[in-house]
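**Q** Submitted below is the structure of interest, expressed as structure tokens.
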2 protein chains.
Amino acid sequence: MKFEAVTIKDIAKALSLSTSTVSRALRDSYEISAETKKLVLEYAREINYRPNPIALSLKEKRSRSIGVIVCEIANTFFSQTINGIESVAYDKGYNVIISQSHESYVREVIDLQYLASRSIDGLLISVTTETKDFSHLRELHERGFPIVFFDRVVDEIKTHKVVANNHKAAFEAASHLIRKGYKNIANLANAPNLRITQERVEGYRKALSGNGLKVEESLIQYCEHGGLIYEEVEEALDKLYNQKPLPDAIIATADKLTTSCLRYFAKKGLKVPDDVALIGFSNSDLTELLNPPLTVIRQHAFKMGEIATQLLLSQIESKRPVVDFETIVLDTELIIRQSSR
Amino acid sequence: MKFEAVTIKDIAKALSLSTSTVSRALRDSYEISAETKKLVLEYAREINYRPNPIALSLKEKRSRSIGVIVCEIANTFFSQTINGIESVAYDKGYNVIISQSHESYVREVIDLQYLASRSIDGLLISVTTETKDFSHLRELHERGFPIVFFDRVVDEIKTHKVVANNHKAAFEAASHLIRKGYKNIANLANAPNLRITQERVEGYRKALSGNGLKVEESLIQYCEHGGLIYEEVEEALDKLYNQKPLPDAIIATADKLTTSCLRYFAKKGLKVPDDVALIGFSNSDLTELLNPPLTVIRQHAFKMGEIATQLLLSQIESKRPVVDFETIVLDTELIIRQSSR
DNA sequence: GTTTTTTACGCAATCGTTCCCGATTTATAC
DNA sequence: GTATAAATCGGGAACGATTGCGTAAAAAAC
């Protein structure tokens with residue numbers, strides 16, 4: 001069932017004018033007389049005329065829409081980021097097309113092809129944990145296609161990037177635990193290939209060694225799939241509990257890892273913070289209602305989305321090719337609650 | 001900065017063929033010789049040709065994209081629904097454009113205009129709590145534009161709808177509380193104008209009266225904004241606690257209301273389930289980690305999204321106008337945990 | 001009264017693709 | 001050998017909107 005829209009031709013025919021005259025009248029051109037304008041405008045409103053954006057896109061070679069690829073919109077961090085993206089895009093008259101990669105490299109590539117073929121004007125992306133080959137992105141980027149990375153960025157592609165100050169975030173979290181007297185602080189980390197993981201682990205290391213604590217490598221456990229599969233987290237935590245020294249505190253460096261940790265503790269009957277303290281990266285507003293209320297590292301996700309979108313749109317609308325790329329670093333927030341006392 | 005794509009003309013010029021021949025070769029037409037086809041196909045792959053979907057849309061008068069309007073994608077129920085929508089749309093080669101109304105009627109109307117002007121082929125929508133005037137939707141619908149409602153449906157517009165069995169869900173939740181011995185079961189309800197609210201309240205009423213309990217009207221409190229504003233929920237709960245009989249159990253009939261309830265209890269020092277039992281509609285997977293683990297009514301959100309999208313796409317792709325509309329009702333799931341014992 | 005300028009509009013090309021007609025060549029039929 | 005039928009390709013209109021250019025009529029200038 002087709003939905004027939006009103007076109008400029010219908011107006012032209014009805015008013016016995018040419019399409020060019022109607023077009024110019026609608027755009028308030030100086031070459032059209034006041035009365036003709038009035039006539040056209042009134043009739044256009046009457047029959048509820050809307051310009052066909054597809055025809056415009058074809059002519060202008062731009063669709064006024066941008067693509068976003070994230071792992072999961074159900075992840076609060078990403079849904080907040082998307083809110084930020086949307087708010088800026090909306091203001092500037094851009095459309096946002098969201099795709100989920102579900103932490104799958106294959107899906108990311110397909111999504112990208114799909115979005116590119118839908119003629120988006122630019123792309124915002126946070127890559128998957130599986131993404132180690134960046135040729136799909138590099139190829140587009142080299143052809144001059146505007147891409148802005150946020151959160152999980154790709155080092156080797158030179159373009160705008162927006163990231164959290166992951167090093168500082170992990171450093172502060174670990175320092176906080178150290179001040180509270182914890183000695184054997186474990187790190188439940190995301191996929192090791194991710195830049196954000198490396199930074200977070202580095203910040204953790206710095207805090208420990210800076211406070212005279214030895215960094216036990218066995219206290220750092222990575223999760224290749226970023227906690228998307230619970231079994232993976234369980235395995236990592238099992239390893240932590242099958243080595244010495246046993247952890248008296250854990251820093252979980254991703255949303256999913258944090259909640260999976262709690263699930264594991266519940267299953268094993270471990271009490272937080274008595275048996276083990278917990279600090280997690282999380283943007284969920286339910287963390288304060290958890291048992292116990294969770295100490296979290298909260299990212300300014302909305303702002304990250306806003307800034308990334310501003311950078312992307314400025315690049316899209318730039319007359320000359322952009323060569324001067326920025327990397328914006330946003331501070332995080334450590335919210336101290338019961339789980340780390 | 002523009003991104004120049006390869007067109008069919010480039011191929012035609014390079015191979016000294018006409019655009020029509022290239023077009024036909026690419027579409028594997030029988031009137032093109034095998035060798036020409038091979039030539040074109042190989043060259044097209046070589047220069048990485050992708051058909052311009054905008055040009056196609058213009059010709060075919062369809063964009064192969066559908067619009068979705070929900071209140072908040074950060075709401076787990078909606079993000080799960082969107083996952084379902086996406087999976088079906090993706091399979092059929094459709095694009096999904098998501099807009100958030102943020103529970104604002106004005107925003108909903110703007111979103112709708114925006115989406116319609118972006119020439120989407122159809123719309124999936126769950127209306128806001130503020131939406132009492134449906135003319136923006138009715139107008140489109142009457143012009144033959146395919147719309148499918150899900151979750152928060154509009155009665156007076158005859159089209160496909162997908163809803164939860166709200167009556168049964170609330171009935172089961174209330175019955176469960178009654179079996180557990182609770183006598184003064186309150187209902188913290190969503191906006192009273194919503195159909196889903198009415199059904200949920202009705203199910204609650206039926207369970208009470210069916211079990212010989214009197215329905216106290218003061219034990220039913222509505223939240224006009226669906227819990228988006230915490231203060232509103234606080235006010236409603238204050239009212240519940242400033243009347244007699246005091247509630248010994250509460251049924252919260254929306255995701256946001258459920259969590260706001262817990263926040264209120266924490267603030268007031270009320271213990272669940274000792275001071276008051278709680279059952280809430282919620283699709284968050286964090287509810288079992290809450291303090292205490294929450295008894296919830298879980299909707300099959302993913303499935304709801306899938307079905308709604310199937311209905312929409314079947315209508316879009318139907319040759320004749322669809323007149324026979326379906327309303328699909330999905331059962332919910334009562335997951336019993338500590339908060340209601 | 002003639003020339004120039006201004007006003008107000010139409011024609012046609014353009015964006016990338018499809019598809020209806022022709023047109024030309026080659027193969028088959030008689 | 002001629003007529004007919006395939007086979008293979010090109011020309012050009014169309015989708016909806018914009019825009020440079022051309023032009024008629026009216027107004028202004030001389």
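Just remember, in the structure tokens the first chain shown is A, the second B, etc., residues are 1-based per chain, and ligands are 1-based in the order shown.
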Distance cut-off 9 Å, counting only C-alpha atoms (C1' of nucleotides) - which residues of chain D neighbour chain B? Return them as a list in words.
**A** DA7, DT8, DC9, DG10, DA14, DC15 and DG16 of chain D
**Q** Report as an MDAnalysis selection string: the residues of stretch 42-274 of chain A with a DSSP assignment of strand (DSSP E or B), based on the backbone of this structure.
**A** chainID A and resid 65:70 95:100 122:125 147:150 161:164 185:189 220:222 249:252
**Q** Grab the residues selected above and save them as a short mmCIF file (atom, residue, chain, number, x, y, z; two decimals), in the first residue's frame with N, CA and C atoms.
**A**
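Once written, result-v2.cif looks like this:
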data_model
loop_
_atom_site.label_atom_id
_atom_site.label_comp_id
_atom_site.auth_asym_id
_atom_site.auth_seq_id
_atom_site.Cartn_x
_atom_site.Cartn_y
_atom_site.Cartn_z
N SER A 65 21.50 12.91 7.35
CA SER A 65 21.35 11.92 8.40
C SER A 65 22.72 11.34 8.73
N ILE A 66 22.90 11.01 10.00
CA ILE A 66 24.18 10.43 10.42
C ILE A 66 23.92 9.06 11.02
N GLY A 67 24.90 8.21 10.91
CA GLY A 67 24.78 6.86 11.44
C GLY A 67 25.48 6.73 12.77
N VAL A 68 24.95 5.85 13.61
CA VAL A 68 25.59 5.56 14.89
C VAL A 68 25.71 4.05 15.02
N ILE A 69 26.88 3.57 15.37
CA ILE A 69 27.03 2.14 15.64
C ILE A 69 27.53 1.96 17.06
N VAL A 70 26.72 1.30 17.86
CA VAL A 70 27.12 0.96 19.22
C VAL A 70 26.87 -0.52 19.43
N ASN A 95 19.12 13.68 11.00
CA ASN A 95 18.49 12.44 11.36
C ASN A 95 19.52 11.49 11.95
N VAL A 96 19.13 10.68 12.89
CA VAL A 96 20.06 9.72 13.47
C VAL A 96 19.60 8.30 13.17
N ILE A 97 20.47 7.53 12.57
CA ILE A 97 20.15 6.14 12.29
C ILE A 97 21.05 5.26 13.14
N ILE A 98 20.42 4.49 14.03
CA ILE A 98 21.18 3.72 15.00
C ILE A 98 21.29 2.26 14.59
N SER A 99 22.49 1.72 14.72
CA SER A 99 22.68 0.30 14.47
C SER A 99 23.38 -0.33 15.65
N GLN A 100 23.06 -1.57 15.95
CA GLN A 100 23.71 -2.26 17.05
C GLN A 100 24.62 -3.35 16.52
N GLY A 122 27.72 10.93 7.68
CA GLY A 122 28.83 10.76 8.60
C GLY A 122 28.52 9.66 9.60
N LEU A 123 29.52 9.27 10.36
CA LEU A 123 29.36 8.13 11.26
C LEU A 123 29.94 8.39 12.65
N LEU A 124 29.19 7.98 13.66
CA LEU A 124 29.69 7.96 15.03
C LEU A 124 29.81 6.51 15.43
N ILE A 125 30.94 6.11 15.94
CA ILE A 125 31.07 4.69 16.26
C ILE A 125 31.92 4.43 17.50
N ILE A 147 34.12 10.39 9.97
CA ILE A 147 33.92 9.43 11.06
C ILE A 147 34.41 10.06 12.36
N VAL A 148 33.62 9.92 13.40
CA VAL A 148 34.09 10.35 14.73
C VAL A 148 33.97 9.16 15.67
N PHE A 149 35.03 8.88 16.38
CA PHE A 149 35.02 7.79 17.35
C PHE A 149 34.68 8.33 18.73
N PHE A 150 33.97 7.53 19.49
CA PHE A 150 33.76 7.89 20.89
C PHE A 150 33.89 6.64 21.73
N LYS A 161 38.03 12.33 18.01
CA LYS A 161 37.74 11.29 19.00
C LYS A 161 37.25 11.92 20.30
N VAL A 162 36.33 11.24 20.95
CA VAL A 162 35.88 11.70 22.27
C VAL A 162 35.96 10.51 23.23
N VAL A 163 36.72 10.69 24.26
CA VAL A 163 36.92 9.58 25.20
C VAL A 163 36.80 10.06 26.64
N ALA A 164 36.63 9.11 27.53
CA ALA A 164 36.68 9.42 28.95
C ALA A 164 38.14 9.40 29.39
N ILE A 185 43.76 -5.73 45.44
CA ILE A 185 42.73 -5.19 44.58
C ILE A 185 42.83 -5.80 43.19
N ALA A 186 41.77 -6.49 42.83
CA ALA A 186 41.76 -7.14 41.52
C ALA A 186 41.16 -6.22 40.47
N ASN A 187 41.46 -6.54 39.22
CA ASN A 187 40.92 -5.76 38.12
C ASN A 187 40.22 -6.69 37.14
N LEU A 188 38.91 -6.58 37.08
CA LEU A 188 38.13 -7.37 36.12
C LEU A 188 37.99 -6.50 34.88
N ALA A 189 38.80 -6.82 33.88
CA ALA A 189 38.94 -5.91 32.75
C ALA A 189 38.20 -6.37 31.51
N ILE A 220 44.71 -9.44 37.57
CA ILE A 220 44.10 -8.76 36.42
C ILE A 220 43.54 -9.81 35.48
N GLN A 221 42.24 -9.80 35.31
CA GLN A 221 41.60 -10.79 34.44
C GLN A 221 40.82 -10.07 33.34
N TYR A 222 41.06 -10.50 32.13
CA TYR A 222 40.39 -9.86 30.99
C TYR A 222 39.19 -10.67 30.52
N ALA A 249 39.15 -6.75 47.07
CA ALA A 249 38.38 -5.71 46.37
C ALA A 249 38.52 -5.94 44.87
N ILE A 250 37.49 -5.54 44.14
CA ILE A 250 37.52 -5.70 42.68
C ILE A 250 37.10 -4.39 42.01
N ILE A 251 37.83 -4.06 40.96
CA ILE A 251 37.40 -2.96 40.11
C ILE A 251 36.92 -3.57 38.80
N ALA A 252 35.66 -3.35 38.49
CA ALA A 252 35.10 -3.88 37.24
C ALA A 252 35.06 -2.73 36.24
#
**Q** Apply DSSP to the backbone of this structure and, from stretch 136-308 of chain A, keep only the residues in helix (DSSP H, G or I); write these as a ChimeraX atom specification.
**A** /A:136-142,166-179,195-210,217-219,230-241,255-268,287-289,301-308
**Q** Sorted by chain and rising residue number, which residues of chain B lie within 8 Å of chain A, and what are their closest atom pairs and distances in Å to one decimal, counting only C-alpha atoms, as JSON lines?
**A**
{"residue": "B:Met1", "atom": "CA", "partner": "A:Pro321", "partner_atom": "CA", "distance": 5.4}
{"residue": "B:Lys2", "atom": "CA", "partner": "A:Gly144", "partner_atom": "CA", "distance": 7.4}
{"residue": "B:Phe3", "atom": "CA", "partner": "A:Phe145", "partner_atom": "CA", "distance": 5.7}
{"residue": "B:Arg50", "atom": "CA", "partner": "A:Ser117", "partner_atom": "CA", "distance": 6.6}
{"residue": "B:Pro51", "atom": "CA", "partner": "A:Ser117", "partner_atom": "CA", "distance": 7.4}
{"residue": "B:Asn52", "atom": "CA", "partner": "A:Ser117", "partner_atom": "CA", "distance": 6.9}
{"residue": "B:Pro53", "atom": "CA", "partner": "A:Arg118", "partner_atom": "CA", "distance": 5.9}
{"residue": "B:Ile54", "atom": "CA", "partner": "A:Ile54", "partner_atom": "CA", "distance": 6.0}
{"residue": "B:Ala55", "atom": "CA", "partner": "A:Leu58", "partner_atom": "CA", "distance": 6.2}
{"residue": "B:Ser57", "atom": "CA", "partner": "A:Ile54", "partner_atom": "CA", "distance": 7.0}
{"residue": "B:Leu58", "atom": "CA", "partner": "A:Ile54", "partner_atom": "CA", "distance": 6.1}
{"residue": "B:Ile73", "atom": "CA", "partner": "A:Ser79", "partner_atom": "CA", "distance": 6.4}
{"residue": "B:Ala74", "atom": "CA", "partner": "A:Ser79", "partner_atom": "CA", "distance": 5.3}
{"residue": "B:Asn75", "atom": "CA", "partner": "A:Ala74", "partner_atom": "CA", "distance": 8.0}
{"residue": "B:Thr76", "atom": "CA", "partner": "A:Ala74", "partner_atom": "CA", "distance": 6.2}
{"residue": "B:Ser79", "atom": "CA", "partner": "A:Ala74", "partner_atom": "CA", "distance": 5.3}
{"residue": "B:Gln80", "atom": "CA", "partner": "A:Ala74", "partner_atom": "CA", "distance": 6.9}
{"residue": "B:Asn95", "atom": "CA", "partner": "A:Ile97", "partner_atom": "CA", "distance": 8.0}
{"residue": "B:Val96", "atom": "CA", "partner": "A:Ile97", "partner_atom": "CA", "distance": 6.8}
{"residue": "B:Ile97", "atom": "CA", "partner": "A:Ile97", "partner_atom": "CA", "distance": 5.3}
{"residue": "B:Ile98", "atom": "CA", "partner": "A:Ile97", "partner_atom": "CA", "distance": 7.0}
{"residue": "B:Ser117", "atom": "CA", "partner": "A:Arg50", "partner_atom": "CA", "distance": 6.5}
{"residue": "B:Arg118", "atom": "CA", "partner": "A:Pro53", "partner_atom": "CA", "distance": 5.9}
{"residue": "B:Ser119", "atom": "CA", "partner": "A:Pro53", "partner_atom": "CA", "distance": 7.0}
{"residue": "B:Asp121", "atom": "CA", "partner": "A:Phe3", "partner_atom": "CA", "distance": 7.9}
{"residue": "B:Arg143", "atom": "CA", "partner": "A:Phe3", "partner_atom": "CA", "distance": 7.1}
{"residue": "B:Gly144", "atom": "CA", "partner": "A:Phe3", "partner_atom": "CA", "distance": 5.8}
{"residue": "B:Phe145", "atom": "CA", "partner": "A:Phe3", "partner_atom": "CA", "distance": 5.6}
{"residue": "B:Thr259", "atom": "CA", "partner": "A:Leu286", "partner_atom": "CA", "distance": 7.6}
{"residue": "B:Leu262", "atom": "CA", "partner": "A:Leu289", "partner_atom": "CA", "distance": 7.2}
{"residue": "B:Arg263", "atom": "CA", "partner": "A:Leu289", "partner_atom": "CA", "distance": 7.0}
{"residue": "B:Leu286", "atom": "CA", "partner": "A:Thr259", "partner_atom": "CA", "distance": 7.5}
{"residue": "B:Leu289", "atom": "CA", "partner": "A:Leu290", "partner_atom": "CA", "distance": 6.1}
{"residue": "B:Leu290", "atom": "CA", "partner": "A:Leu290", "partner_atom": "CA", "distance": 4.4}
{"residue": "B:Asn291", "atom": "CA", "partner": "A:Asn291", "partner_atom": "CA", "distance": 4.8}
{"residue": "B:Pro292", "atom": "CA", "partner": "A:Asn291", "partner_atom": "CA", "distance": 7.3}
{"residue": "B:Gln315", "atom": "CA", "partner": "A:Met1", "partner_atom": "CA", "distance": 6.8}
{"residue": "B:Ile316", "atom": "CA", "partner": "A:Met1", "partner_atom": "CA", "distance": 5.5}
{"residue": "B:Glu317", "atom": "CA", "partner": "A:Met1", "partner_atom": "CA", "distance": 6.4}
{"residue": "B:Ser318", "atom": "CA", "partner": "A:Met1", "partner_atom": "CA", "distance": 5.4}
{"residue": "B:Lys319", "atom": "CA", "partner": "A:Met1", "partner_atom": "CA", "distance": 5.5}
{"residue": "B:Arg320", "atom": "CA", "partner": "A:Met1", "partner_atom": "CA", "distance": 5.7}
{"residue": "B:Pro321", "atom": "CA", "partner": "A:Met1", "partner_atom": "CA", "distance": 5.4}
{"residue": "B:Val322", "atom": "CA", "partner": "A:Met1", "partner_atom": "CA", "distance": 7.6}
**Q** Generate a file of the selected residues that holds N, CA and C atoms, formatted as a tab-separated table (two decimals), in the first residue's frame.
**A**
chain	number	residue	atom	x	y	z
B	1	MET	N	32.70	18.86	3.71
B	1	MET	CA	33.51	17.90	2.94
B	1	MET	C	32.59	16.83	2.35
B	2	LYS	N	32.63	16.74	1.03
B	2	LYS	CA	31.72	15.78	0.38
B	2	LYS	C	32.42	14.45	0.12
B	3	PHE	N	31.59	13.45	0.05
B	3	PHE	CA	32.07	12.09	-0.14
B	3	PHE	C	31.53	11.62	-1.48
B	50	ARG	N	28.26	0.88	-5.40
B	50	ARG	CA	27.06	0.61	-4.58
B	50	ARG	C	25.93	1.45	-5.14
B	51	PRO	N	24.81	0.83	-5.39
B	51	PRO	CA	23.67	1.62	-5.90
B	51	PRO	C	23.29	2.70	-4.90
B	52	ASN	N	22.93	3.84	-5.40
B	52	ASN	CA	22.52	4.96	-4.56
B	52	ASN	C	21.06	4.75	-4.11
B	53	PRO	N	20.87	4.47	-2.82
B	53	PRO	CA	19.53	4.17	-2.33
B	53	PRO	C	18.59	5.36	-2.43
B	54	ILE	N	19.17	6.54	-2.45
B	54	ILE	CA	18.33	7.74	-2.52
B	54	ILE	C	17.70	7.85	-3.90
B	55	ALA	N	18.50	7.57	-4.91
B	55	ALA	CA	17.96	7.59	-6.27
B	55	ALA	C	16.87	6.52	-6.42
B	57	SER	N	15.04	5.27	-4.01
B	57	SER	CA	13.87	5.69	-3.24
B	57	SER	C	13.03	6.66	-4.05
B	58	LEU	N	13.71	7.56	-4.72
B	58	LEU	CA	12.98	8.56	-5.49
B	58	LEU	C	12.16	7.90	-6.58
B	73	ILE	N	14.61	5.50	24.96
B	73	ILE	CA	15.28	4.24	24.64
B	73	ILE	C	16.05	3.72	25.84
B	74	ALA	N	16.28	4.59	26.82
B	74	ALA	CA	16.99	4.15	28.02
B	74	ALA	C	16.13	3.23	28.87
B	75	ASN	N	14.84	3.26	28.65
B	75	ASN	CA	13.92	2.36	29.33
B	75	ASN	C	14.13	0.94	28.77
B	76	THR	N	14.45	0.01	29.67
B	76	THR	CA	14.79	-1.34	29.18
B	76	THR	C	13.68	-1.97	28.35
B	79	SER	N	14.08	-0.48	24.94
B	79	SER	CA	15.29	-0.87	24.20
B	79	SER	C	15.20	-2.32	23.77
B	80	GLN	N	14.52	-3.14	24.56
B	80	GLN	CA	14.33	-4.53	24.15
B	80	GLN	C	13.35	-4.62	22.98
B	95	ASN	N	15.48	-0.16	7.12
B	95	ASN	CA	16.19	0.70	8.00
B	95	ASN	C	15.28	1.15	9.15
B	96	VAL	N	15.83	1.32	10.32
B	96	VAL	CA	15.00	1.77	11.44
B	96	VAL	C	15.47	3.14	11.92
B	97	ILE	N	14.58	4.08	11.95
B	97	ILE	CA	14.91	5.41	12.44
B	97	ILE	C	14.16	5.63	13.74
B	98	ILE	N	14.92	5.83	14.81
B	98	ILE	CA	14.32	5.90	16.14
B	98	ILE	C	14.22	7.35	16.61
B	117	SER	N	8.27	13.54	7.20
B	117	SER	CA	8.94	14.34	6.18
B	117	SER	C	10.23	13.67	5.72
B	118	ARG	N	10.73	12.72	6.48
B	118	ARG	CA	11.91	11.98	6.06
B	118	ARG	C	11.50	10.80	5.19
B	119	SER	N	10.27	10.84	4.78
B	119	SER	CA	9.71	9.77	3.93
B	119	SER	C	10.02	8.37	4.40
B	121	ASP	N	8.48	4.66	5.34
B	121	ASP	CA	7.40	3.90	4.71
B	121	ASP	C	6.32	3.49	5.70
B	143	ARG	N	-4.75	9.07	5.49
B	143	ARG	CA	-4.19	9.24	4.16
B	143	ARG	C	-3.52	7.95	3.67
B	144	GLY	N	-3.72	6.89	4.46
B	144	GLY	CA	-3.22	5.60	4.02
B	144	GLY	C	-1.81	5.27	4.47
B	145	PHE	N	-1.32	6.06	5.42
B	145	PHE	CA	0.04	5.81	5.90
B	145	PHE	C	0.03	4.67	6.93
B	259	THR	N	11.02	1.54	40.09
B	259	THR	CA	12.30	1.97	40.67
B	259	THR	C	12.13	3.21	41.54
B	262	LEU	N	11.15	2.17	44.99
B	262	LEU	CA	12.28	1.70	45.80
B	262	LEU	C	13.07	2.87	46.34
B	263	ARG	N	13.22	3.88	45.49
B	263	ARG	CA	13.96	5.07	45.90
B	263	ARG	C	13.22	5.75	47.08
B	286	LEU	N	18.36	-6.09	36.16
B	286	LEU	CA	19.00	-5.77	37.42
B	286	LEU	C	18.07	-5.99	38.61
B	289	LEU	N	18.98	-8.22	41.35
B	289	LEU	CA	20.14	-7.83	42.17
B	289	LEU	C	19.78	-6.73	43.16
B	290	LEU	N	18.54	-6.29	43.10
B	290	LEU	CA	18.13	-5.19	43.97
B	290	LEU	C	17.99	-5.68	45.41
B	291	ASN	N	17.77	-4.74	46.27
B	291	ASN	CA	17.65	-5.05	47.69
B	291	ASN	C	16.24	-4.79	48.17
B	292	PRO	N	15.39	-5.75	48.35
B	292	PRO	CA	15.60	-7.17	48.06
B	292	PRO	C	15.34	-7.46	46.58
B	315	GLN	N	1.98	-4.82	5.99
B	315	GLN	CA	1.06	-3.78	5.49
B	315	GLN	C	1.74	-2.92	4.43
B	316	ILE	N	2.98	-2.57	4.68
B	316	ILE	CA	3.72	-1.74	3.73
B	316	ILE	C	3.84	-2.45	2.39
B	317	GLU	N	4.10	-3.74	2.45
B	317	GLU	CA	4.36	-4.47	1.21
B	317	GLU	C	3.11	-5.05	0.58
B	318	SER	N	1.97	-4.82	1.23
B	318	SER	CA	0.72	-5.33	0.67
B	318	SER	C	0.33	-4.55	-0.58
B	319	LYS	N	-0.17	-5.27	-1.56
B	319	LYS	CA	-0.57	-4.63	-2.82
B	319	LYS	C	-1.82	-3.77	-2.64
B	320	ARG	N	-2.80	-4.34	-1.98
B	320	ARG	CA	-4.05	-3.61	-1.80
B	320	ARG	C	-4.09	-2.98	-0.40
B	321	PRO	N	-4.90	-1.98	-0.25
B	321	PRO	CA	-5.06	-1.38	1.08
B	321	PRO	C	-5.51	-2.43	2.09
B	322	VAL	N	-4.89	-2.41	3.25
B	322	VAL	CA	-5.24	-3.37	4.29
B	322	VAL	C	-6.47	-2.87	5.03
**Q** Taking only C-alpha atoms (C1' of nucleotides) into account, find every residue of chain C that has an atom no more than 9 Å from chain B, and write it out as a VMD selection string.
**A** chain C and resid 15 to 19
**Q** Could you tell me how far atom CA of A:Glu103 lies from atom CA of A:Leu330, in Å and to one decimal?
**A** 23.7 Å
**Q** Mind giving me the straight-line distance from atom CA of A:His176 to atom CA of A:Arg337 in Å, one decimal?
**A**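 A separation of 11.5 Å between them.
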**Q** Taking only C-alpha atoms into account, which of B:Glu46, B:Asp151, B:Asp133, B:Glu172 comes nearest B:Ile335?
**A** B:Glu172
**Q** One decimal, Å: what's the distance from atom CA of B:Gly84 over to atom CA of B:Gly305, could you say?
**A**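 Rounded to one decimal, the two atoms are 4.4 Å apart.
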**Q** Neighbours of stretch 21-25 of chain D within 10 Å (only C-alpha atoms (C1' of nucleotides); same-chain residues fewer than 4 positions away dropped), as an MDAnalysis selection string?
**A** chainID C and resid 7:12
**Q** Residues within 12 Å of A:Asn211, please, as JSON, numbers by chain. Count only C-alpha atoms (C1' of nucleotides); anything in the same chain fewer than 2 positions from it doesn't count.
**A** {"A": [171, 174, 175, 176, 177, 178, 179, 181, 182, 183, 204, 205, 206, 207, 208, 209, 213, 214, 215]}
**Q** Would you mind exporting the chosen residues as an mmCIF file, in the first residue's frame, restricted to N, CA and C atoms?
**A**
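Result written to part-v2.cif:
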data_model
loop_
_atom_site.group_PDB
_atom_site.id
_atom_site.type_symbol
_atom_site.label_atom_id
_atom_site.label_comp_id
_atom_site.auth_asym_id
_atom_site.auth_seq_id
_atom_site.Cartn_x
_atom_site.Cartn_y
_atom_site.Cartn_z
ATOM 1 N N PHE A 171 42.555 5.172 38.095
ATOM 2 C CA PHE A 171 43.515 5.593 39.113
ATOM 3 C C PHE A 171 42.791 6.038 40.385
ATOM 4 N N ALA A 174 41.088 3.011 42.167
ATOM 5 C CA ALA A 174 42.051 2.176 42.882
ATOM 6 C C ALA A 174 42.597 2.919 44.109
ATOM 7 N N SER A 175 42.888 4.198 43.939
ATOM 8 C CA SER A 175 43.399 4.995 45.061
ATOM 9 C C SER A 175 42.397 5.020 46.200
ATOM 10 N N HIS A 176 41.129 5.143 45.837
ATOM 11 C CA HIS A 176 40.075 5.154 46.854
ATOM 12 C C HIS A 176 40.083 3.847 47.649
ATOM 13 N N LEU A 177 40.189 2.745 46.946
ATOM 14 C CA LEU A 177 40.206 1.441 47.617
ATOM 15 C C LEU A 177 41.440 1.304 48.504
ATOM 16 N N ILE A 178 42.543 1.797 48.013
ATOM 17 C CA ILE A 178 43.786 1.726 48.795
ATOM 18 C C ILE A 178 43.645 2.534 50.092
ATOM 19 N N ARG A 179 43.067 3.729 49.961
ATOM 20 C CA ARG A 179 42.846 4.565 51.149
ATOM 21 C C ARG A 179 41.948 3.871 52.159
ATOM 22 N N GLY A 181 42.002 0.904 52.768
ATOM 23 C CA GLY A 181 42.738 -0.176 53.409
ATOM 24 C C GLY A 181 42.771 -1.500 52.674
ATOM 25 N N TYR A 182 42.202 -1.534 51.484
ATOM 26 C CA TYR A 182 42.245 -2.794 50.728
ATOM 27 C C TYR A 182 43.638 -3.005 50.165
ATOM 28 N N LYS A 183 44.065 -4.248 50.196
ATOM 29 C CA LYS A 183 45.436 -4.569 49.791
ATOM 30 C C LYS A 183 45.493 -5.322 48.463
ATOM 31 N N TYR A 204 45.047 1.806 36.969
ATOM 32 C CA TYR A 204 45.008 0.908 38.131
ATOM 33 C C TYR A 204 46.419 0.550 38.590
ATOM 34 N N ARG A 205 47.262 0.219 37.600
ATOM 35 C CA ARG A 205 48.656 -0.120 37.923
ATOM 36 C C ARG A 205 49.361 1.057 38.607
ATOM 37 N N LYS A 206 49.180 2.222 38.037
ATOM 38 C CA LYS A 206 49.840 3.416 38.550
ATOM 39 C C LYS A 206 49.445 3.686 39.998
ATOM 40 N N ALA A 207 48.172 3.525 40.283
ATOM 41 C CA ALA A 207 47.679 3.781 41.633
ATOM 42 C C ALA A 207 48.309 2.809 42.617
ATOM 43 N N LEU A 208 48.370 1.547 42.217
ATOM 44 C CA LEU A 208 48.943 0.530 43.100
ATOM 45 C C LEU A 208 50.434 0.789 43.343
ATOM 46 N N SER A 209 51.169 0.856 42.262
ATOM 47 C CA SER A 209 52.621 1.010 42.421
ATOM 48 C C SER A 209 52.965 2.353 43.056
ATOM 49 N N LEU A 213 52.169 -0.646 46.480
ATOM 50 C CA LEU A 213 51.598 -1.989 46.385
ATOM 51 C C LEU A 213 52.128 -2.670 45.128
ATOM 52 N N LYS A 214 52.382 -3.947 45.269
ATOM 53 C CA LYS A 214 52.870 -4.704 44.119
ATOM 54 C C LYS A 214 51.676 -5.071 43.234
ATOM 55 N N VAL A 215 51.877 -4.987 41.937
ATOM 56 C CA VAL A 215 50.804 -5.370 41.011
ATOM 57 C C VAL A 215 50.927 -6.846 40.700
#
**Q** Could you list, as a ChimeraX atom specification, every residue within 12 Å of A:Phe265, counting only C-alpha atoms (C1' of nucleotides) and ignoring same-chain residues fewer than 6 positions away?
**A** /A:233-234,237-238,241,250,258-259,271-278,291-292 /B:289
